[in-house]
Each structure stands twice: as structure tokens, then as C-alpha cells.
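J.: Just passing along the structure, written as C-alpha cells.
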Amino acid sequence: MAENADVEPLLEAFRKFAIHGDTSATGKEMNGKNWAKLCKDCKIVDGKNVTGTDVDIVFSKAKAKTSRVITYEEFQKALEELAPKRFEGESEEDAVQSIYKLVEGKEPANMGITKAVKTSVVDRLTDTSKYTGSHKERFDESGRGRGKIGREDLQENTGYVEGYKHAGTYEEKTKAK
């Protein structure tokens, strides 16, 4: 029963990394990219004992020959294979427990995500109430875009040139005769 409690946070970490970056992922299988990210984010890769190449080799060994992903059971075997290399000098059981502790409860780090800049210059440039001319016509009073109506000159197919002062008077002239 104690083993089950230890495995649950490991399974949760597996699921979080398995779905990272893939909207169609179910969380039951992990691809090589997410495996490498897990090893890097959880500090399994230390650059000395375990490198990125080691991580890729272990992934290739753990997966089925024709598969491109690993299941949770294969994931555990891969961690067990990396454990003695990462924790040299420890017994095999202690190394496996130590590597599980590195992964448990972790989730993918989102480094390098672009955030919207909030400065007075940006606020001034994006304030639609201060727009003038043709740009003003593209937005309604609340600042929402008006779509195609605001971007294009919609033509009236009346047969008259735009701005003609006597538009609509032709039929009156021809009926009078």
C-alpha cells in the first residue's frame, strides 16, 4: 500500500509531461520530446553523469521497436535504467527512489513564454477612442472592431458616381417627358 502512495505523484507527473504541448494527447503515452523535457526540468540531466544523449538512448531502449511513444510502465523502466547512472555510489534501490523523488509532483516549466507588455506607450497606441480619420471608422464606440464594414468602402450599385449631387433624379426626369 505504501508503494501505491509513492507511485501516484509519479503517475501524475507522467501525465502532466505527457500532455504538455499537445492538445490531442491523452496523458497515457509520452513522446521523446516530452521525455527529454521531463528529464531536463526534473534535473535528471546533470551534464556529467547523465546527458541529453543518455536520455535519448534510454528512451529508445524503453519504447517498443515500432512505437514512437512510451507508456507509464515503460517510463518507470526508463527511470530505473537512468537511476544508477544519475546517483552513482548509491544502492540500486536507493537510486531508484531518489530518481522517483526528483520526478514526483513536478510539472513542465514554461520558460520563454512571451507576455504582453503593459506600458503607457502601448496603452496609448491601442486606445481606440483616440483614433482619428479612417482608423476611427474601423471601431465602434466601445472600442470593438467593426469587421469588414470598418475596413472596406462598401459600394452602392445605384449607377451614380459617388458624391453626385442629383443622384436619384434621372427617373423623375424621364417620367416627366
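Going by the C-alpha cells order, chains are called A, B, ..., each with residues numbered from 1, while ligands are numbered from 1 in the order shown.
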Determine, counting only C-alpha atoms, which protein, DNA and RNA residues have an atom within 6 Å of an atom of region 66-77 of chain A; residues of the same chain fewer than 3 positions away are not included. Present the result as a ChimeraX atom specification.
T.: /A:29-31,62-63,80
J.: Considering only C-alpha atoms, return as a VMD selection string whatever protein or nucleic-acid residues lie within 12 Å of region 16-22 of chain A, sequence-local ones (same chain, fewer than 6 positions apart) excluded.
T.: chain A and resid 9 to 10 28 to 42 69 to 72 75 103 to 110
J.: If you count only C-alpha atoms, which residues fall within 10 Å of Asp140 (chain A), apart from same-chain ones fewer than 4 positions away, as an MDAnalysis selection string?
T.: chainID A and resid 128:129 136 144:146 150
J.: Hey, what does DSSP flag as helix (DSSP H, G or I) within region 13-54 of chain A? Can you give it to me as an MDAnalysis selection string?
T.: chainID A and resid 13:19 32:41 52:54
J.: Those residues with C-alpha atoms, as a PDB file, in the first residue's frame please?
T.:
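File written: selection.pdb
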```pdb
ATOM      1  CA  ALA A  13       3.918  13.945 -13.158  1.00  0.00           C
ATOM      2  CA  PHE A  14       3.978  11.485 -16.085  1.00  0.00           C
ATOM      3  CA  ARG A  15       0.518  12.644 -17.199  1.00  0.00           C
ATOM      4  CA  LYS A  16       1.367  16.336 -16.957  1.00  0.00           C
ATOM      5  CA  PHE A  17       4.509  15.949 -19.035  1.00  0.00           C
ATOM      6  CA  ALA A  18       2.766  13.591 -21.499  1.00  0.00           C
ATOM      7  CA  ILE A  19       0.118  16.166 -22.424  1.00  0.00           C
ATOM      8  CA  GLY A  32      10.524  11.565 -26.913  1.00  0.00           C
ATOM      9  CA  LYS A  33      10.393  15.341 -26.811  1.00  0.00           C
ATOM     10  CA  ASN A  34       8.349  15.370 -23.620  1.00  0.00           C
ATOM     11  CA  TRP A  35      10.558  12.649 -22.098  1.00  0.00           C
ATOM     12  CA  ALA A  36      13.615  14.813 -22.712  1.00  0.00           C
ATOM     13  CA  LYS A  37      11.785  17.832 -21.237  1.00  0.00           C
ATOM     14  CA  LEU A  38      10.857  15.816 -18.135  1.00  0.00           C
ATOM     15  CA  CYS A  39      14.472  14.748 -17.635  1.00  0.00           C
ATOM     16  CA  LYS A  40      15.713  18.308 -18.064  1.00  0.00           C
ATOM     17  CA  ASP A  41      13.039  20.020 -15.917  1.00  0.00           C
ATOM     18  CA  GLY A  52      20.811  14.518 -23.235  1.00  0.00           C
ATOM     19  CA  THR A  53      22.242  11.722 -25.345  1.00  0.00           C
ATOM     20  CA  ASP A  54      21.841   9.260 -22.471  1.00  0.00           C
TER      21      ASP A  54
END
```
J.: Have a look at CA of Ile99 (chain A) and CA of Val45 (chain A) and let me know their distance in Å, one decimal.
T.: 10.9 Å
J.: Which of these, A:Lys61, A:Leu11, A:Tyr164, A:Phe87, has the shortest distance to Asp46 (chain A) once you count only C-alpha atoms?
T.: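 Of the candidates, the smallest distance to Asp46 (chain A) is held by A:Phe87.
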J.: Any idea what the distance is between CA of Glu88 (chain A) and CA of Val50 (chain A)?
T.: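 Straight-line distance from CA of Glu88 (chain A) to CA of Val50 (chain A) works out to 10.5 Å.
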J.: Give me, as a PyMOL selection string, all polymer residues having an atom no more than 7 Å from Val96 (chain A), counting only C-alpha atoms and skipping those fewer than 4 positions away in the same chain.
T.: chain A and resi 80+83+92+100
J.: Which of these residues is nearest to Gly89 (chain A), using only C-alpha atoms: A:Val58, A:Asn49, A:Tyr131, A:Lys148?
T.: A:Asn49
